[in-house]
Amino acid sequence: MKTLTLLRHAKSSWDDPVARDFDRPLNAKGRRAAAMIGRHLKAEGFAFDHVLASPAIRVIETLDEVWSGYGRTLEPVWNRALYLASAASLLDLVQGLPDDADHVLMVGHNPGLEDLVLDLTLDGELRERVEDKYPTATVAQMTLPVERWAEARAHHATLVAFIRPRDLDPTLGPDAP
């Protein structure tokens with residue numbers, strides 16, 4: 001059994017005048033949400049033995065805040081292929097994960113992460129929440145009944161958690177400042 005946890009980067013700042021989307025930083029609300037998600041991951045006993053992340057600035061800053069809340073820093077494998085990747089590209093990355101990693105955290109962007117969850121999982125209440133929206137700084141955790149990551153395939157995973165920042169603190173919802 002393998003466990004794949006997907007984390008969408010936290011809310012970024014559109015007010016910051018950067019030349020490239022890749023360089024866009026987090027805003028204050030995004031920083032708060034990422035730290036809260038980190039605290040929640042720690043409180044719920046989430047443990048990771050491999051981290052794969054996009055090197056975009058907003059992902060780097062998201063992980064910095066998550067680790068501050070989590071109380072421990074895990075060094076990610078930075079992979080540019082995660083930046084704005086499609087679900088098919090993300091599945092290729094999942095299938096190439098090292099088999100000695102049992103619980104992987106993948107940090108990246110939408111719509112790829114949302115589409116990957118929808119492609120991998122079976123129908124259910126949590127999946128319907130993903131279909132509705134996969135907000136920034138949201139965690140989706142799936143279990144895959146495989147021994148090797150290369151065996152991951154569509155509609156074979158079970159979505160076991162879908163945690164949005166607003167579920168933990170309503171002030172982090174879409175209508176809050």
# chains A, B, ... in the order shown; residues from 1 in each chain; ligands from 1

$ residues_around --residues "A:Leu7" --least-positions-apart "4" --cutoff "12 Å" --atoms "only C-alpha atoms" --output "MDAnalysis selection string"
chainID A and resid 33:34 37:38 41 51:54 59 62:63 66 82 104:110 112:114 116:117 134:142 161:165

$ residues_around --residues "A:Ala157" --least-positions-apart "4" --cutoff "10 Å" --atoms "only C-alpha atoms" --output "PDB file with N, CA and C atoms, in the first residue's frame"
ATOM      1  N   LYS A   2       0.580   2.163  -0.896  1.00  0.00           N
ATOM      2  CA  LYS A   2       1.290   3.439  -0.976  1.00  0.00           C
ATOM      3  C   LYS A   2       0.307   4.553  -0.637  1.00  0.00           C
ATOM      4  N   THR A   3       0.836   5.650  -0.119  1.00  0.00           N
ATOM      5  CA  THR A   3       0.021   6.823   0.201  1.00  0.00           C
ATOM      6  C   THR A   3       0.587   8.023  -0.525  1.00  0.00           C
ATOM      7  N   LEU A   4      -0.285   8.717  -1.229  1.00  0.00           N
ATOM      8  CA  LEU A   4       0.091   9.911  -1.972  1.00  0.00           C
ATOM      9  C   LEU A   4      -0.708  11.082  -1.425  1.00  0.00           C
ATOM     10  N   VAL A 117      -6.273  13.913  -8.827  1.00  0.00           N
ATOM     11  CA  VAL A 117      -7.144  13.298  -7.818  1.00  0.00           C
ATOM     12  C   VAL A 117      -8.365  12.686  -8.491  1.00  0.00           C
ATOM     13  N   LEU A 118      -8.989  13.428  -9.381  1.00  0.00           N
ATOM     14  CA  LEU A 118     -10.202  12.941 -10.049  1.00  0.00           C
ATOM     15  C   LEU A 118      -9.908  11.735 -10.943  1.00  0.00           C
ATOM     16  N   ASP A 119      -8.731  11.728 -11.570  1.00  0.00           N
ATOM     17  CA  ASP A 119      -8.358  10.588 -12.415  1.00  0.00           C
ATOM     18  C   ASP A 119      -8.060   9.332 -11.599  1.00  0.00           C
ATOM     19  N   LEU A 120      -7.410   9.495 -10.449  1.00  0.00           N
ATOM     20  CA  LEU A 120      -6.961   8.343  -9.673  1.00  0.00           C
ATOM     21  C   LEU A 120      -8.040   7.722  -8.802  1.00  0.00           C
ATOM     22  N   THR A 121      -8.986   8.531  -8.321  1.00  0.00           N
ATOM     23  CA  THR A 121      -9.882   8.057  -7.282  1.00  0.00           C
ATOM     24  C   THR A 121     -11.225   7.563  -7.801  1.00  0.00           C
ATOM     25  N   LEU A 122     -11.875   6.831  -6.915  1.00  0.00           N
ATOM     26  CA  LEU A 122     -13.216   6.319  -7.154  1.00  0.00           C
ATOM     27  C   LEU A 122     -14.237   7.347  -6.677  1.00  0.00           C
ATOM     28  N   GLN A 141      -5.327  13.442   0.297  1.00  0.00           N
ATOM     29  CA  GLN A 141      -4.528  12.244   0.555  1.00  0.00           C
ATOM     30  C   GLN A 141      -5.249  11.023   0.004  1.00  0.00           C
ATOM     31  N   MET A 142      -4.495  10.204  -0.716  1.00  0.00           N
ATOM     32  CA  MET A 142      -5.034   8.998  -1.330  1.00  0.00           C
ATOM     33  C   MET A 142      -4.186   7.798  -0.947  1.00  0.00           C
ATOM     34  N   THR A 143      -4.844   6.655  -0.814  1.00  0.00           N
ATOM     35  CA  THR A 143      -4.117   5.399  -0.658  1.00  0.00           C
ATOM     36  C   THR A 143      -4.255   4.629  -1.960  1.00  0.00           C
ATOM     37  N   LEU A 144      -3.169   3.997  -2.344  1.00  0.00           N
ATOM     38  CA  LEU A 144      -3.136   3.224  -3.583  1.00  0.00           C
ATOM     39  C   LEU A 144      -2.762   1.782  -3.236  1.00  0.00           C
ATOM     40  N   PRO A 145      -3.574   0.811  -3.646  1.00  0.00           N
ATOM     41  CA  PRO A 145      -3.292  -0.586  -3.324  1.00  0.00           C
ATOM     42  C   PRO A 145      -2.244  -1.172  -4.271  1.00  0.00           C
ATOM     43  N   VAL A 146      -1.039  -0.634  -4.183  1.00  0.00           N
ATOM     44  CA  VAL A 146       0.058  -1.064  -5.052  1.00  0.00           C
ATOM     45  C   VAL A 146       1.311  -1.261  -4.208  1.00  0.00           C
ATOM     46  N   ALA A 152       0.501   2.468 -10.260  1.00  0.00           N
ATOM     47  CA  ALA A 152      -0.585   3.440 -10.049  1.00  0.00           C
ATOM     48  C   ALA A 152      -1.351   3.625 -11.352  1.00  0.00           C
ATOM     49  N   ARG A 153      -2.677   3.611 -11.234  1.00  0.00           N
ATOM     50  CA  ARG A 153      -3.502   3.772 -12.433  1.00  0.00           C
ATOM     51  C   ARG A 153      -4.832   4.433 -12.086  1.00  0.00           C
TER      52      ARG A 153
END

$ residues_around --residues "A:Gln95" --least-positions-apart "2" --cutoff "9 Å" --atoms "only C-alpha atoms" --output "JSON, numbers by chain"
{"A": [90, 91, 92, 93, 97, 98, 148, 149, 150, 151, 152, 153]}

$ atom_distance --atom1 "atom CA of A:Lys29" --atom2 "atom CA of A:Lys11"
6.8 Å

$ select_by_dssp --residues "stretch 15-81 of chain A" --states "strand (DSSP E)" --output "MDAnalysis selection string"
chainID A and resid 50:53 77:78

$ select_by_dssp --residues "stretch 20-76 of chain A" --states "helix (DSSP H, G or I)" --output "ChimeraX atom specification"
/A:21-23,28-43,57-70

$ write_last_selection --atoms "N, CA, C and O atoms" --output "compact mmCIF listing (two decimals), in the first residue's frame"
# COMPACT_ATOMS: atom_id res chain seq x y z
N ASP A 21 5.16 34.47 -14.02
CA ASP A 21 4.23 33.80 -13.11
C ASP A 21 4.99 32.88 -12.16
O ASP A 21 4.65 32.77 -10.98
N PHE A 22 6.01 32.23 -12.65
CA PHE A 22 6.83 31.30 -11.87
C PHE A 22 7.38 31.96 -10.60
O PHE A 22 7.59 31.30 -9.58
N ASP A 23 7.60 33.28 -10.64
CA ASP A 23 8.22 34.01 -9.53
C ASP A 23 7.22 34.65 -8.57
O ASP A 23 7.63 35.37 -7.66
N ALA A 28 -0.19 37.33 2.40
CA ALA A 28 -0.24 37.09 3.85
C ALA A 28 -1.24 35.99 4.20
O ALA A 28 -0.96 35.14 5.06
N LYS A 29 -2.38 35.97 3.55
CA LYS A 29 -3.39 34.94 3.81
C LYS A 29 -2.85 33.56 3.43
O LYS A 29 -3.07 32.57 4.14
N GLY A 30 -2.12 33.49 2.33
CA GLY A 30 -1.51 32.24 1.91
C GLY A 30 -0.50 31.73 2.92
O GLY A 30 -0.44 30.53 3.21
N ARG A 31 0.28 32.64 3.47
CA ARG A 31 1.28 32.24 4.49
C ARG A 31 0.58 31.67 5.73
O ARG A 31 0.98 30.64 6.26
N ARG A 32 -0.49 32.33 6.17
CA ARG A 32 -1.25 31.86 7.33
C ARG A 32 -1.86 30.48 7.06
O ARG A 32 -1.81 29.58 7.91
N ALA A 33 -2.44 30.32 5.87
CA ALA A 33 -3.08 29.05 5.53
C ALA A 33 -2.06 27.92 5.48
O ALA A 33 -2.32 26.82 5.99
N ALA A 34 -0.91 28.16 4.88
CA ALA A 34 0.12 27.11 4.77
C ALA A 34 0.63 26.69 6.14
O ALA A 34 0.81 25.50 6.41
N ALA A 35 0.87 27.66 7.03
CA ALA A 35 1.33 27.32 8.38
C ALA A 35 0.27 26.52 9.13
O ALA A 35 0.59 25.56 9.84
N MET A 36 -1.01 26.90 8.95
CA MET A 36 -2.08 26.17 9.61
C MET A 36 -2.17 24.74 9.08
O MET A 36 -2.36 23.79 9.85
N ILE A 37 -2.03 24.57 7.78
CA ILE A 37 -2.04 23.22 7.20
C ILE A 37 -0.89 22.41 7.78
O ILE A 37 -1.05 21.23 8.12
N GLY A 38 0.28 23.02 7.92
CA GLY A 38 1.41 22.32 8.53
C GLY A 38 1.12 21.86 9.95
O GLY A 38 1.42 20.71 10.31
N ARG A 39 0.50 22.73 10.74
CA ARG A 39 0.13 22.34 12.12
C ARG A 39 -0.88 21.20 12.11
O ARG A 39 -0.79 20.27 12.92
N HIS A 40 -1.82 21.25 11.18
CA HIS A 40 -2.83 20.19 11.08
C HIS A 40 -2.19 18.86 10.66
O HIS A 40 -2.53 17.81 11.22
N LEU A 41 -1.29 18.90 9.70
CA LEU A 41 -0.60 17.68 9.27
C LEU A 41 0.13 17.04 10.44
O LEU A 41 0.09 15.82 10.62
N LYS A 42 0.77 17.87 11.26
CA LYS A 42 1.49 17.35 12.43
C LYS A 42 0.50 16.76 13.43
O LYS A 42 0.69 15.65 13.93
N ALA A 43 -0.57 17.50 13.74
CA ALA A 43 -1.55 17.06 14.73
C ALA A 43 -2.22 15.75 14.32
O ALA A 43 -2.54 14.91 15.17
N ILE A 57 8.29 29.84 -6.98
CA ILE A 57 8.46 30.60 -5.73
C ILE A 57 7.30 30.36 -4.77
O ILE A 57 7.49 30.16 -3.58
N ARG A 58 6.06 30.35 -5.27
CA ARG A 58 4.90 30.17 -4.38
C ARG A 58 4.88 28.79 -3.75
O ARG A 58 4.35 28.62 -2.64
N VAL A 59 5.45 27.79 -4.40
CA VAL A 59 5.55 26.45 -3.80
C VAL A 59 6.66 26.43 -2.75
O VAL A 59 6.47 25.88 -1.66
N ILE A 60 7.78 27.02 -3.07
CA ILE A 60 8.89 27.09 -2.09
C ILE A 60 8.42 27.78 -0.82
O ILE A 60 8.64 27.30 0.30
N GLU A 61 7.73 28.92 -0.98
CA GLU A 61 7.24 29.66 0.18
C GLU A 61 6.14 28.90 0.91
O GLU A 61 6.06 28.96 2.14
N THR A 62 5.30 28.18 0.18
CA THR A 62 4.28 27.35 0.82
C THR A 62 4.95 26.30 1.72
O THR A 62 4.56 26.13 2.87
N LEU A 63 5.94 25.62 1.18
CA LEU A 63 6.62 24.60 1.98
C LEU A 63 7.33 25.20 3.19
O LEU A 63 7.31 24.61 4.28
N ASP A 64 7.93 26.37 3.04
CA ASP A 64 8.57 27.03 4.19
C ASP A 64 7.56 27.23 5.32
O ASP A 64 7.85 26.96 6.49
N GLU A 65 6.36 27.68 4.97
CA GLU A 65 5.32 27.92 5.98
C GLU A 65 4.76 26.60 6.52
O GLU A 65 4.50 26.48 7.72
N VAL A 66 4.55 25.62 5.65
CA VAL A 66 4.06 24.32 6.10
C VAL A 66 5.05 23.73 7.10
O VAL A 66 4.66 23.25 8.17
N TRP A 67 6.33 23.78 6.78
CA TRP A 67 7.33 23.19 7.68
C TRP A 67 7.36 23.94 9.01
O TRP A 67 7.59 23.31 10.05
N SER A 68 7.15 25.26 9.00
CA SER A 68 7.16 25.99 10.27
C SER A 68 6.00 25.51 11.15
O SER A 68 6.16 25.36 12.36
N GLY A 69 4.84 25.24 10.57
CA GLY A 69 3.72 24.71 11.33
C GLY A 69 3.89 23.25 11.70
O GLY A 69 3.49 22.81 12.78
N TYR A 70 4.52 22.49 10.83
CA TYR A 70 4.73 21.06 11.02
C TYR A 70 5.80 20.79 12.08
O TYR A 70 5.81 19.73 12.70

$ closest_residue --among "A:Arg8, A:Arg20, A:Arg80, A:Arg72" --to "A:Lys133" --atoms "only C-alpha atoms"
A:Arg8
